[in-house]
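Participant: I am attaching a structure below and will ask some questions about it afterwards.
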Amino acid sequence: MSILLVTGGCGFIGSNFIRHLLATDPATSIINFDALTYAGNLANLVDIAKHPRYRFVKGDITDRDNVRAAMALGVTDIIHFAAESHVDRSIQDSGPFVRTNVNGTQNLLDAAREFSVKKYVQVSTDEVYGSLGATGLFTEETPLHANSPYSASKAGADLLVQAYHHTFGLPTVITRCSNNYGPFQFPEKLIPLFVTNLMRDEPVPVYGDGQQIRDWIHVHDHCTGVEAAWRNGTAGEVYNFGGKCEKTNLDLTHLIIDLLGKPRTLIRYVADRLGHDRRYAIDCSKAERELGWQPKVSFETGLNETIAWYKANSAWIDGIRNKEYMTYFEKQYGNLK
Ligand code: NAD
Ligand code: TYD
């Protein structure tokens with residue numbers, strides 16, 4: 001029996017991961033450790049809140065006592081999703097990114113050592129590799145060249161993880177995935193922002209010339225990758241995951257607009273993001289070879305289903321737009337302070 005400490009389980013990918021694992025692995029219990037920042041939403045997991053193998057613990061990874069108290073619940077493995085995750089916010093203020101992504105990771109690594117975890121999985125990002133030109137792919141050997149405060153803080157965390165493996169023999173695995181999309185993504189990232197704006201006939205802001213390229217992967221494929229890295233990844237190794245689906249932001253914007261049946265006049269070209277990375281693209285052959293993993297969701301199916309999900313869940317969107325979700329914890333669990 002494994003008892004996983006899943007950090008950041010109330011966010012986009014963490015909530016999808018928890019739902020996936022509870023549904024498919026009866027031998028695993030999950031403690032969801034989340035600080036409920038603006039990006040954490042208990043409504044993401046309302047359907048499994050009372051699941052017998054699931055427990056929510058409100059806690060902050062930057063607080064060592066919080067982390068140690070959660071570890072003492074019998075944790076055998078850590079899957080670390082919790083992070084400040086939005087590049088634009090990191091450009092506004094890098095402080096929370098360094099605190100959560102670097103110092104928070106350090107706390108988890110120390111706790112992982114103290115409690116002798118069987119496996120520690122660091123959920124990282126392809127953005128630590130920097131930006132590609134028109135050709136080439138990121139491999140696990142690509143040098144780290146982070147360009148944004150977000151990616152720099154994730155790269156700093158990755159270096160700490162590798163140092164804890166090298167110095168202390170901690171059984172760590174790092175995953176680096178490309179851009180995710182799917183249900184429960186906070187509507188500040190491109191796909192959910194554009195879909196939810198367009199649903200209300202509001203304009204969508206395309207940064208710069210819109211010719212930046214991202215490699216899109218459905219969140220379910222990322223979750224099966226993290227699971228495979230946890231179960232079968234070799235300690236000390238890094239595994240890249242990607243969707244083999246490169247698109248320019250403008251092509252993607254046109255696709256979303258067309259699928260929603262809206263006019264392209266809703267596009268607004270706005271000032272470019274500072275330091276904007278031009279192209280990300282992933283070589284995930286190591287994960288395919290060594291973990292037996294493959295991305296399975298085609299972009300056409302995944303995007304159609306994602307749009308359908310946002311259309312069917314307007315209450316979830318409204319809860320975020322009017323910040324109602326922020327009071328969800330007190331409603332469900334009472335004020336614990
Ligand atoms: P998200 O912003 O949707 O969720 C982050 C979660 O972490 C939230 O529930 C938040 O409350 C929690 N959190 C933040 N600070 C915390 C703290 N100090 N203590 C405890 N909990 C805290 O993020 P996401 O998109 O689900 O990303 C999850 C992870 O995957 C991140 O580490 C991110 O870097 C990585 N990643 C994301 C993508 C992507 O496309 N979204 C791609 C590759 C990797
Ligand atoms: P985003 O979803 O923020 O992910 P990341 O920056 O981690 O890749 O952005 C995806 C791409 O879309 C990126 O090139 C920035 C661009 N973008 C826009 O053009 N307009 C927007 O409003 C947003 C949020 C992003």
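Simple scheme: letters A, B, ... for chains in structure tokens order, numbers from 1 for residues in each chain, numbers from 1 for ligands in the order shown.
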Quick one: contact table of chain A to ligand 1, 7 Å max, nearest atom pair and distance in Å to one decimal per residue, counting only C-alpha atoms and all ligand atoms, chain and number order, as JSON lines?
Facilitator:
{"residue": "A:Thr7", "atom": "CA", "partner": "ligand 1", "partner_atom_place_in_ligand_line": "21 (N)", "distance": 6.0}
{"residue": "A:Gly8", "atom": "CA", "partner": "ligand 1", "partner_atom_place_in_ligand_line": "7 (O)", "distance": 3.5}
{"residue": "A:Gly9", "atom": "CA", "partner": "ligand 1", "partner_atom_place_in_ligand_line": "9 (O)", "distance": 5.6}
{"residue": "A:Cys10", "atom": "CA", "partner": "ligand 1", "partner_atom_place_in_ligand_line": "9 (O)", "distance": 3.8}
{"residue": "A:Gly11", "atom": "CA", "partner": "ligand 1", "partner_atom_place_in_ligand_line": "9 (O)", "distance": 3.3}
{"residue": "A:Phe12", "atom": "CA", "partner": "ligand 1", "partner_atom_place_in_ligand_line": "26 (O)", "distance": 3.7}
{"residue": "A:Ile13", "atom": "CA", "partner": "ligand 1", "partner_atom_place_in_ligand_line": "26 (O)", "distance": 3.7}
{"residue": "A:Gly14", "atom": "CA", "partner": "ligand 1", "partner_atom_place_in_ligand_line": "26 (O)", "distance": 5.4}
{"residue": "A:Phe33", "atom": "CA", "partner": "ligand 1", "partner_atom_place_in_ligand_line": "20 (C)", "distance": 6.3}
{"residue": "A:Asp34", "atom": "CA", "partner": "ligand 1", "partner_atom_place_in_ligand_line": "21 (N)", "distance": 3.8}
{"residue": "A:Ala35", "atom": "CA", "partner": "ligand 1", "partner_atom_place_in_ligand_line": "20 (C)", "distance": 3.9}
{"residue": "A:Leu36", "atom": "CA", "partner": "ligand 1", "partner_atom_place_in_ligand_line": "11 (O)", "distance": 3.7}
{"residue": "A:Thr37", "atom": "CA", "partner": "ligand 1", "partner_atom_place_in_ligand_line": "11 (O)", "distance": 3.9}
{"residue": "A:Tyr38", "atom": "CA", "partner": "ligand 1", "partner_atom_place_in_ligand_line": "11 (O)", "distance": 6.4}
{"residue": "A:Ala39", "atom": "CA", "partner": "ligand 1", "partner_atom_place_in_ligand_line": "8 (C)", "distance": 4.6}
{"residue": "A:Gly40", "atom": "CA", "partner": "ligand 1", "partner_atom_place_in_ligand_line": "9 (O)", "distance": 3.2}
{"residue": "A:Asn41", "atom": "CA", "partner": "ligand 1", "partner_atom_place_in_ligand_line": "9 (O)", "distance": 6.3}
{"residue": "A:Gly59", "atom": "CA", "partner": "ligand 1", "partner_atom_place_in_ligand_line": "20 (C)", "distance": 5.8}
{"residue": "A:Asp60", "atom": "CA", "partner": "ligand 1", "partner_atom_place_in_ligand_line": "19 (N)", "distance": 3.5}
{"residue": "A:Ile61", "atom": "CA", "partner": "ligand 1", "partner_atom_place_in_ligand_line": "19 (N)", "distance": 4.0}
{"residue": "A:Thr62", "atom": "CA", "partner": "ligand 1", "partner_atom_place_in_ligand_line": "18 (N)", "distance": 5.4}
{"residue": "A:His80", "atom": "CA", "partner": "ligand 1", "partner_atom_place_in_ligand_line": "32 (O)", "distance": 7.0}
{"residue": "A:Phe81", "atom": "CA", "partner": "ligand 1", "partner_atom_place_in_ligand_line": "29 (C)", "distance": 4.1}
{"residue": "A:Ala82", "atom": "CA", "partner": "ligand 1", "partner_atom_place_in_ligand_line": "7 (O)", "distance": 3.5}
{"residue": "A:Ala83", "atom": "CA", "partner": "ligand 1", "partner_atom_place_in_ligand_line": "14 (C)", "distance": 4.5}
{"residue": "A:Glu84", "atom": "CA", "partner": "ligand 1", "partner_atom_place_in_ligand_line": "14 (C)", "distance": 5.2}
{"residue": "A:Ser85", "atom": "CA", "partner": "ligand 1", "partner_atom_place_in_ligand_line": "2 (O)", "distance": 4.7}
{"residue": "A:His86", "atom": "CA", "partner": "ligand 1", "partner_atom_place_in_ligand_line": "2 (O)", "distance": 6.7}
{"residue": "A:Thr100", "atom": "CA", "partner": "ligand 1", "partner_atom_place_in_ligand_line": "18 (N)", "distance": 4.6}
{"residue": "A:Gly104", "atom": "CA", "partner": "ligand 1", "partner_atom_place_in_ligand_line": "18 (N)", "distance": 6.3}
{"residue": "A:Val123", "atom": "CA", "partner": "ligand 1", "partner_atom_place_in_ligand_line": "32 (O)", "distance": 5.2}
{"residue": "A:Ser124", "atom": "CA", "partner": "ligand 1", "partner_atom_place_in_ligand_line": "44 (C)", "distance": 5.0}
{"residue": "A:Thr125", "atom": "CA", "partner": "ligand 1", "partner_atom_place_in_ligand_line": "44 (C)", "distance": 4.0}
{"residue": "A:Asp126", "atom": "CA", "partner": "ligand 1", "partner_atom_place_in_ligand_line": "43 (C)", "distance": 6.4}
{"residue": "A:Lys154", "atom": "CA", "partner": "ligand 1", "partner_atom_place_in_ligand_line": "34 (O)", "distance": 6.7}
{"residue": "A:Arg176", "atom": "CA", "partner": "ligand 1", "partner_atom_place_in_ligand_line": "43 (C)", "distance": 6.2}
{"residue": "A:Cys177", "atom": "CA", "partner": "ligand 1", "partner_atom_place_in_ligand_line": "43 (C)", "distance": 4.4}
{"residue": "A:Ser178", "atom": "CA", "partner": "ligand 1", "partner_atom_place_in_ligand_line": "42 (C)", "distance": 5.1}
{"residue": "A:Asn179", "atom": "CA", "partner": "ligand 1", "partner_atom_place_in_ligand_line": "40 (O)", "distance": 3.7}
{"residue": "A:Asn180", "atom": "CA", "partner": "ligand 1", "partner_atom_place_in_ligand_line": "40 (O)", "distance": 3.8}
{"residue": "A:Tyr181", "atom": "CA", "partner": "ligand 1", "partner_atom_place_in_ligand_line": "40 (O)", "distance": 6.6}
{"residue": "A:Gln185", "atom": "CA", "partner": "ligand 1", "partner_atom_place_in_ligand_line": "3 (O)", "distance": 6.1}
{"residue": "A:Phe186", "atom": "CA", "partner": "ligand 1", "partner_atom_place_in_ligand_line": "3 (O)", "distance": 5.9}
Participant: Keeping N, CA and C atoms for every residue in the selection just given, could you write it to a file as a short mmCIF file (atom, residue, chain, number, x, y, z; two decimals), in the first residue's frame?
Facilitator:
data_model
loop_
_atom_site.label_atom_id
_atom_site.label_comp_id
_atom_site.auth_asym_id
_atom_site.auth_seq_id
_atom_site.Cartn_x
_atom_site.Cartn_y
_atom_site.Cartn_z
N THR A 7 1.27 17.17 -3.64
CA THR A 7 1.19 18.60 -3.34
C THR A 7 0.52 19.31 -4.52
N GLY A 8 -0.22 20.37 -4.22
CA GLY A 8 -0.87 21.13 -5.30
C GLY A 8 -2.01 20.37 -5.95
N GLY A 9 -2.64 19.48 -5.20
CA GLY A 9 -3.71 18.65 -5.77
C GLY A 9 -5.00 19.40 -6.06
N CYS A 10 -5.10 20.64 -5.61
CA CYS A 10 -6.32 21.42 -5.92
C CYS A 10 -6.12 22.28 -7.16
N GLY A 11 -4.97 22.17 -7.80
CA GLY A 11 -4.75 22.90 -9.04
C GLY A 11 -5.20 22.09 -10.24
N PHE A 12 -4.85 22.58 -11.39
CA PHE A 12 -5.29 21.96 -12.66
C PHE A 12 -4.77 20.53 -12.81
N ILE A 13 -3.46 20.36 -12.85
CA ILE A 13 -2.93 19.02 -13.17
C ILE A 13 -3.05 18.10 -11.96
N GLY A 14 -2.76 18.64 -10.77
CA GLY A 14 -2.85 17.82 -9.56
C GLY A 14 -4.23 17.22 -9.38
N PHE A 33 -2.10 17.81 -0.38
CA PHE A 33 -1.55 18.88 0.46
C PHE A 33 -1.50 20.16 -0.38
N ASP A 34 -2.34 21.13 -0.02
CA ASP A 34 -2.46 22.31 -0.90
C ASP A 34 -2.75 23.54 -0.03
N ALA A 35 -2.12 24.64 -0.40
CA ALA A 35 -2.29 25.88 0.36
C ALA A 35 -3.54 26.66 -0.06
N LEU A 36 -4.20 26.22 -1.12
CA LEU A 36 -5.36 26.94 -1.66
C LEU A 36 -5.02 28.39 -1.95
N THR A 37 -4.04 28.58 -2.83
CA THR A 37 -3.76 29.92 -3.35
C THR A 37 -4.88 30.26 -4.34
N TYR A 38 -4.72 31.38 -5.05
CA TYR A 38 -5.76 31.76 -6.02
C TYR A 38 -6.00 30.64 -7.03
N ALA A 39 -4.96 29.79 -7.27
CA ALA A 39 -5.07 28.73 -8.29
C ALA A 39 -5.62 27.43 -7.73
N GLY A 40 -5.74 27.34 -6.42
CA GLY A 40 -6.22 26.11 -5.81
C GLY A 40 -7.72 26.19 -5.58
N ASN A 41 -8.43 25.17 -6.00
CA ASN A 41 -9.89 25.23 -5.97
C ASN A 41 -10.43 23.88 -5.54
N GLY A 59 -2.27 23.07 3.66
CA GLY A 59 -0.93 23.36 4.18
C GLY A 59 -0.09 24.02 3.11
N ASP A 60 0.97 24.67 3.58
CA ASP A 60 1.84 25.45 2.69
C ASP A 60 3.20 24.78 2.64
N ILE A 61 3.70 24.50 1.45
CA ILE A 61 4.99 23.82 1.36
C ILE A 61 6.15 24.70 1.83
N THR A 62 5.91 26.01 1.95
CA THR A 62 6.99 26.87 2.45
C THR A 62 7.08 26.81 3.98
N HIS A 80 5.19 15.94 -6.37
CA HIS A 80 5.20 17.38 -6.06
C HIS A 80 4.76 18.22 -7.26
N PHE A 81 3.47 18.59 -7.25
CA PHE A 81 2.92 19.46 -8.29
C PHE A 81 2.88 20.93 -7.85
N ALA A 82 2.77 21.19 -6.54
CA ALA A 82 2.47 22.55 -6.07
C ALA A 82 3.49 23.55 -6.60
N ALA A 83 3.00 24.63 -7.15
CA ALA A 83 3.89 25.67 -7.67
C ALA A 83 3.09 26.93 -7.96
N GLU A 84 3.79 28.03 -8.02
CA GLU A 84 3.29 29.19 -8.74
C GLU A 84 3.59 28.88 -10.19
N SER A 85 2.56 28.95 -11.06
CA SER A 85 2.73 28.34 -12.38
C SER A 85 2.52 29.27 -13.58
N HIS A 86 2.22 30.55 -13.33
CA HIS A 86 1.87 31.39 -14.48
C HIS A 86 2.98 32.41 -14.80
N THR A 100 7.75 29.67 -3.21
CA THR A 100 7.05 28.38 -3.33
C THR A 100 7.87 27.37 -4.14
N GLY A 104 9.96 26.05 -1.18
CA GLY A 104 8.98 24.98 -0.91
C GLY A 104 9.53 23.63 -1.32
N VAL A 123 7.51 17.42 -10.37
CA VAL A 123 6.81 17.73 -11.62
C VAL A 123 7.33 19.07 -12.13
N SER A 124 8.19 19.01 -13.13
CA SER A 124 8.81 20.22 -13.66
C SER A 124 8.23 20.52 -15.05
N THR A 125 8.93 21.32 -15.79
CA THR A 125 8.36 21.85 -17.04
C THR A 125 9.43 21.91 -18.13
N ASP A 126 9.01 21.83 -19.37
CA ASP A 126 9.96 21.99 -20.49
C ASP A 126 10.52 23.41 -20.53
N LYS A 154 11.64 27.15 -11.41
CA LYS A 154 11.47 25.70 -11.62
C LYS A 154 12.83 25.05 -11.87
N ARG A 176 9.52 16.56 -17.06
CA ARG A 176 9.44 17.87 -17.71
C ARG A 176 8.47 17.76 -18.87
N CYS A 177 7.35 18.42 -18.72
CA CYS A 177 6.25 18.29 -19.69
C CYS A 177 6.01 19.61 -20.42
N SER A 178 5.45 19.48 -21.61
CA SER A 178 5.09 20.67 -22.41
C SER A 178 3.74 21.22 -21.94
N ASN A 179 3.18 22.16 -22.70
CA ASN A 179 1.95 22.86 -22.29
C ASN A 179 0.76 21.93 -22.23
N ASN A 180 0.11 21.92 -21.06
CA ASN A 180 -1.08 21.08 -20.86
C ASN A 180 -2.36 21.84 -21.18
N TYR A 181 -3.39 21.09 -21.57
CA TYR A 181 -4.74 21.66 -21.65
C TYR A 181 -5.71 20.57 -21.21
N GLN A 185 -8.56 23.70 -15.94
CA GLN A 185 -7.40 24.60 -16.02
C GLN A 185 -7.85 26.02 -15.70
N PHE A 186 -7.10 26.68 -14.86
CA PHE A 186 -7.47 28.03 -14.40
C PHE A 186 -7.49 28.99 -15.59
#
Participant: Write down as a PyMOL selection string the residues belonging to region 209-317 of chain A that are assigned helix (DSSP H, G or I) by DSSP computed on the backbone.
Facilitator: chain A and resi 219-232+249-259+264-266+285-291+299-312+314-317
Participant: Can you list, as a count of residues only, every protein, DNA or RNA residue that comes within 10 Å of Arg231 (chain A) when you count only C-alpha atoms, leaving out same-chain residues fewer than 6 positions away?
Facilitator: 4
Participant: Within 10 Å of ligand 2, counting only C-alpha atoms and all ligand atoms: which residues, as a CSV table (one decimal) with N, CA, C and O atoms, in the first residue's frame?
Facilitator:
chain,number,residue,atom,x,y,z
A,85,SER,N,2.6,29.0,-11.1
A,85,SER,CA,2.7,28.3,-12.4
A,85,SER,C,2.5,29.3,-13.6
A,85,SER,O,2.7,28.8,-14.7
A,86,HIS,N,2.2,30.6,-13.3
A,86,HIS,CA,1.9,31.4,-14.5
A,86,HIS,C,3.0,32.4,-14.8
A,86,HIS,O,3.3,33.3,-14.0
A,87,VAL,N,3.5,32.3,-16.0
A,87,VAL,CA,4.7,33.2,-16.4
A,87,VAL,C,4.4,34.6,-16.2
A,87,VAL,O,5.2,35.4,-15.7
A,88,ASP,N,3.2,35.1,-16.7
A,88,ASP,CA,2.9,36.5,-16.6
A,88,ASP,C,2.9,37.0,-15.1
A,88,ASP,O,3.4,38.1,-14.9
A,89,ARG,N,2.4,36.2,-14.2
A,89,ARG,CA,2.5,36.6,-12.8
A,89,ARG,C,3.9,36.7,-12.3
A,89,ARG,O,4.3,37.5,-11.5
A,125,THR,N,8.9,21.3,-15.8
A,125,THR,CA,8.4,21.9,-17.0
A,125,THR,C,9.4,21.9,-18.1
A,125,THR,O,10.6,22.1,-17.8
A,126,ASP,N,9.0,21.8,-19.4
A,126,ASP,CA,10.0,22.0,-20.5
A,126,ASP,C,10.5,23.4,-20.5
A,126,ASP,O,11.6,23.7,-21.2
A,127,GLU,N,9.9,24.4,-19.8
A,127,GLU,CA,10.3,25.8,-19.9
A,127,GLU,C,11.7,26.0,-19.3
A,127,GLU,O,12.3,27.0,-19.6
A,148,SER,N,12.3,33.0,-18.0
A,148,SER,CA,11.4,33.7,-17.2
A,148,SER,C,11.6,33.5,-15.7
A,148,SER,O,12.2,32.5,-15.4
A,150,TYR,N,9.5,32.5,-13.7
A,150,TYR,CA,8.8,31.2,-13.5
A,150,TYR,C,9.7,30.1,-13.8
A,150,TYR,O,10.0,29.2,-12.9
A,151,SER,N,10.3,30.0,-15.0
A,151,SER,CA,11.1,28.9,-15.4
A,151,SER,C,12.4,28.8,-14.6
A,151,SER,O,12.9,27.8,-14.3
A,178,SER,N,5.4,19.5,-21.6
A,178,SER,CA,5.1,20.7,-22.4
A,178,SER,C,3.7,21.2,-21.9
A,178,SER,O,3.2,20.8,-20.9
A,179,ASN,N,3.2,22.2,-22.7
A,179,ASN,CA,2.0,22.9,-22.3
A,179,ASN,C,0.8,21.9,-22.2
A,179,ASN,O,0.4,21.3,-23.2
A,180,ASN,N,0.1,21.9,-21.1
A,180,ASN,CA,-1.1,21.1,-20.9
A,180,ASN,C,-2.4,21.8,-21.2
A,180,ASN,O,-2.4,23.1,-21.0
A,181,TYR,N,-3.4,21.1,-21.6
A,181,TYR,CA,-4.7,21.7,-21.7
A,181,TYR,C,-5.7,20.6,-21.2
A,181,TYR,O,-5.4,19.4,-21.2
A,185,GLN,N,-8.6,23.7,-15.9
A,185,GLN,CA,-7.4,24.6,-16.0
A,185,GLN,C,-7.8,26.0,-15.7
A,185,GLN,O,-8.9,26.5,-16.2
A,186,PHE,N,-7.1,26.7,-14.9
A,186,PHE,CA,-7.5,28.0,-14.4
A,186,PHE,C,-7.5,29.0,-15.6
A,186,PHE,O,-6.5,29.0,-16.4
A,187,PRO,N,-8.6,29.8,-15.7
A,187,PRO,CA,-8.7,30.6,-16.9
A,187,PRO,C,-7.8,31.8,-17.0
A,187,PRO,O,-8.3,32.9,-17.2
A,188,GLU,N,-6.5,31.6,-16.7
A,188,GLU,CA,-5.5,32.6,-17.0
A,188,GLU,C,-4.6,32.1,-18.1
A,188,GLU,O,-3.8,32.9,-18.7
A,189,LYS,N,-4.5,30.8,-18.3
A,189,LYS,CA,-3.7,30.2,-19.3
A,189,LYS,C,-4.4,30.3,-20.7
A,189,LYS,O,-5.6,30.4,-20.7
A,190,LEU,N,-3.6,30.2,-21.8
A,190,LEU,CA,-4.2,30.6,-23.1
A,190,LEU,C,-5.5,29.9,-23.4
A,190,LEU,O,-6.5,30.5,-23.7
A,191,ILE,N,-5.5,28.5,-23.4
A,191,ILE,CA,-6.7,27.8,-23.9
A,191,ILE,C,-8.0,28.1,-23.0
A,191,ILE,O,-9.0,28.6,-23.6
A,192,PRO,N,-7.9,28.0,-21.7
A,192,PRO,CA,-9.2,28.2,-20.9
A,192,PRO,C,-9.5,29.7,-21.0
A,192,PRO,O,-10.7,30.1,-20.9
A,193,LEU,N,-8.5,30.6,-21.0
A,193,LEU,CA,-8.8,32.1,-21.1
A,193,LEU,C,-9.6,32.4,-22.4
A,193,LEU,O,-10.6,33.0,-22.3
A,194,PHE,N,-9.1,31.9,-23.5
A,194,PHE,CA,-9.7,32.2,-24.7
A,194,PHE,C,-11.0,31.5,-24.9
A,194,PHE,O,-12.0,32.2,-25.3
A,204,VAL,N,-10.1,38.2,-27.3
A,204,VAL,CA,-9.0,37.4,-26.7
A,204,VAL,C,-7.6,38.1,-27.1
A,204,VAL,O,-7.4,38.5,-28.2
A,205,PRO,N,-6.7,38.2,-26.1
A,205,PRO,CA,-5.5,39.0,-26.3
A,205,PRO,C,-4.4,38.0,-26.8
A,205,PRO,O,-3.9,37.2,-26.1
A,206,VAL,N,-3.9,38.3,-28.1
A,206,VAL,CA,-2.8,37.5,-28.6
A,206,VAL,C,-1.5,38.4,-28.4
A,206,VAL,O,-1.5,39.5,-28.9
A,207,TYR,N,-0.5,37.8,-27.7
A,207,TYR,CA,0.7,38.5,-27.5
A,207,TYR,C,1.6,38.6,-28.7
A,207,TYR,O,1.8,37.6,-29.4
A,208,GLY,N,2.1,39.8,-29.0
A,208,GLY,CA,3.0,40.0,-30.1
A,208,GLY,C,2.4,39.6,-31.4
A,208,GLY,O,1.3,39.9,-31.7
A,209,ASP,N,3.2,38.9,-32.2
A,209,ASP,CA,2.8,38.5,-33.5
A,209,ASP,C,2.0,37.2,-33.5
A,209,ASP,O,1.6,36.7,-34.6
A,210,GLY,N,1.9,36.5,-32.4
A,210,GLY,CA,1.2,35.3,-32.3
A,210,GLY,C,1.9,34.1,-33.0
A,210,GLY,O,1.3,33.0,-33.1
A,211,GLN,N,3.2,34.3,-33.3
A,211,GLN,CA,3.9,33.2,-34.0
A,211,GLN,C,4.7,32.3,-33.1
A,211,GLN,O,5.5,31.5,-33.5
A,212,GLN,N,4.6,32.5,-31.8
A,212,GLN,CA,5.2,31.6,-30.8
A,212,GLN,C,4.6,30.2,-30.9
A,212,GLN,O,3.4,30.1,-31.2
A,213,ILE,N,5.5,29.2,-30.7
A,213,ILE,CA,5.0,27.9,-30.9
A,213,ILE,C,5.0,27.1,-29.5
A,213,ILE,O,6.0,27.2,-28.8
A,214,ARG,N,4.0,26.4,-29.2
A,214,ARG,CA,3.9,25.6,-28.0
A,214,ARG,C,3.5,24.2,-28.5
A,214,ARG,O,2.9,24.0,-29.5
A,215,ASP,N,4.0,23.2,-27.7
A,215,ASP,CA,3.7,21.7,-28.0
A,215,ASP,C,2.6,21.3,-27.0
A,215,ASP,O,2.9,21.2,-25.8
A,216,TRP,N,1.4,21.1,-27.5
A,216,TRP,CA,0.3,20.9,-26.6
A,216,TRP,C,0.0,19.4,-26.3
A,216,TRP,O,0.0,18.6,-27.1
A,247,LYS,N,1.9,24.0,-32.3
A,247,LYS,CA,1.0,25.0,-33.0
A,247,LYS,C,1.5,26.4,-32.7
A,247,LYS,O,1.9,26.6,-31.5
A,248,THR,N,1.3,27.3,-33.6
A,248,THR,CA,1.5,28.7,-33.3
A,248,THR,C,0.3,29.1,-32.5
A,248,THR,O,-0.8,28.6,-32.6
A,249,ASN,N,0.6,30.1,-31.6
A,249,ASN,CA,-0.6,30.7,-30.8
A,249,ASN,C,-1.7,31.2,-31.7
A,249,ASN,O,-2.9,31.0,-31.4
A,250,LEU,N,-1.3,31.8,-32.9
A,250,LEU,CA,-2.3,32.3,-33.7
A,250,LEU,C,-3.2,31.2,-34.4
A,250,LEU,O,-4.4,31.3,-34.5
A,252,LEU,N,-3.7,28.3,-33.2
A,252,LEU,CA,-4.5,27.8,-32.1
A,252,LEU,C,-5.7,28.7,-31.8
A,252,LEU,O,-6.8,28.2,-31.6
A,253,THR,N,-5.4,30.0,-31.8
A,253,THR,CA,-6.5,30.9,-31.6
A,253,THR,C,-7.6,30.8,-32.7
A,253,THR,O,-8.8,30.8,-32.4
A,268,ARG,N,-7.5,40.4,-30.4
A,268,ARG,CA,-6.8,41.7,-30.1
A,268,ARG,C,-5.3,41.4,-30.1
A,268,ARG,O,-4.9,40.6,-29.2
A,269,TYR,N,-4.6,42.0,-30.9
A,269,TYR,CA,-3.1,41.9,-30.8
A,269,TYR,C,-2.6,42.9,-29.7
A,269,TYR,O,-2.9,44.1,-29.8
A,270,VAL,N,-2.0,42.4,-28.7
A,270,VAL,CA,-1.6,43.2,-27.6
A,270,VAL,C,0.0,43.1,-27.5
A,270,VAL,O,0.6,42.3,-28.1
A,271,ALA,N,0.5,44.0,-26.6
A,271,ALA,CA,2.0,44.0,-26.4
A,271,ALA,C,2.5,42.7,-26.1
A,271,ALA,O,1.8,41.9,-25.4
A,272,ASP,N,3.7,42.3,-26.6
A,272,ASP,CA,4.3,41.0,-26.3
A,272,ASP,C,4.6,40.9,-24.9
A,272,ASP,O,4.9,41.8,-24.2
A,273,ARG,N,4.6,39.6,-24.4
A,273,ARG,CA,5.1,39.3,-23.1
A,273,ARG,C,6.6,39.6,-23.0
A,273,ARG,O,7.4,39.3,-24.0
A,276,HIS,N,9.5,36.8,-24.0
A,276,HIS,CA,8.7,35.7,-24.5
A,276,HIS,C,9.5,34.6,-25.2
A,276,HIS,O,10.1,34.9,-26.2
A,277,ASP,N,9.4,33.4,-24.7
A,277,ASP,CA,10.1,32.3,-25.4
A,277,ASP,C,9.4,32.0,-26.7
A,277,ASP,O,8.1,32.0,-26.8
A,278,ARG,N,10.2,31.8,-27.7
A,278,ARG,CA,9.6,31.7,-29.1
A,278,ARG,C,9.0,30.3,-29.4
A,278,ARG,O,7.9,30.2,-29.9
A,279,ARG,N,9.8,29.3,-29.0
A,279,ARG,CA,9.3,27.9,-29.4
A,279,ARG,C,9.7,26.9,-28.4
A,279,ARG,O,10.8,26.8,-27.9
A,280,TYR,N,8.7,26.0,-28.0
A,280,TYR,CA,9.0,24.8,-27.2
A,280,TYR,C,8.5,23.6,-28.0
A,280,TYR,O,7.5,23.6,-28.6
Participant: Can you list, as an NGL selection string, every protein, DNA or RNA residue that comes within 12 Å of Ile18 (chain A) when you count only C-alpha atoms, leaving out same-chain residues fewer than 5 positions away?
Facilitator: :A and (4-13 or 23-25 or 28-33 or 44-49 or 51 or 53-56 or 79 or 81 or 219-220 or 223-224 or 226-227)
Participant: Selected residues, C-alpha atoms, written as a short mmCIF file (atom, residue, chain, number, x, y, z; two decimals), in the first residue's frame, please.
Facilitator:
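Output saved as selection-v7.cif:
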data_model
loop_
_atom_site.label_atom_id
_atom_site.label_comp_id
_atom_site.auth_asym_id
_atom_site.auth_seq_id
_atom_site.Cartn_x
_atom_site.Cartn_y
_atom_site.Cartn_z
CA LEU A 4 1.14 9.49 -1.70
CA LEU A 5 1.59 13.06 -0.60
CA VAL A 6 0.35 14.92 -3.68
CA THR A 7 1.19 18.60 -3.34
CA GLY A 8 -0.87 21.13 -5.30
CA GLY A 9 -3.71 18.65 -5.77
CA CYS A 10 -6.32 21.42 -5.92
CA GLY A 11 -4.75 22.90 -9.04
CA PHE A 12 -5.29 21.96 -12.66
CA ILE A 13 -2.93 19.02 -13.17
CA ALA A 23 -10.04 5.60 -10.22
CA THR A 24 -7.33 3.24 -11.44
CA ASP A 25 -5.22 2.14 -8.44
CA THR A 28 -2.90 3.74 -3.24
CA SER A 29 -4.16 6.36 -0.81
CA ILE A 30 -3.70 10.04 -1.46
CA ILE A 31 -3.10 12.96 0.86
CA ASN A 32 -3.71 16.15 -1.08
CA PHE A 33 -1.55 18.88 0.46
CA ASN A 44 -11.96 20.71 -8.70
CA LEU A 45 -12.26 17.60 -6.51
CA VAL A 46 -15.76 17.91 -5.09
CA ASP A 47 -16.76 14.56 -6.60
CA ILE A 48 -14.10 12.64 -4.68
CA ALA A 49 -13.94 14.75 -1.49
CA HIS A 51 -13.48 9.05 -1.18
CA ARG A 53 -8.63 6.63 0.06
CA TYR A 54 -8.47 10.42 -0.19
CA ARG A 55 -7.76 13.09 2.38
CA PHE A 56 -7.30 16.84 1.98
CA ILE A 79 4.45 13.67 -6.04
CA PHE A 81 2.92 19.46 -8.29
CA VAL A 219 -3.58 16.75 -19.14
CA HIS A 220 -4.58 13.08 -18.99
CA CYS A 223 -0.92 12.42 -15.63
CA THR A 224 -0.18 8.95 -17.02
CA VAL A 226 3.82 11.30 -14.02
CA GLU A 227 2.33 8.00 -12.85
#
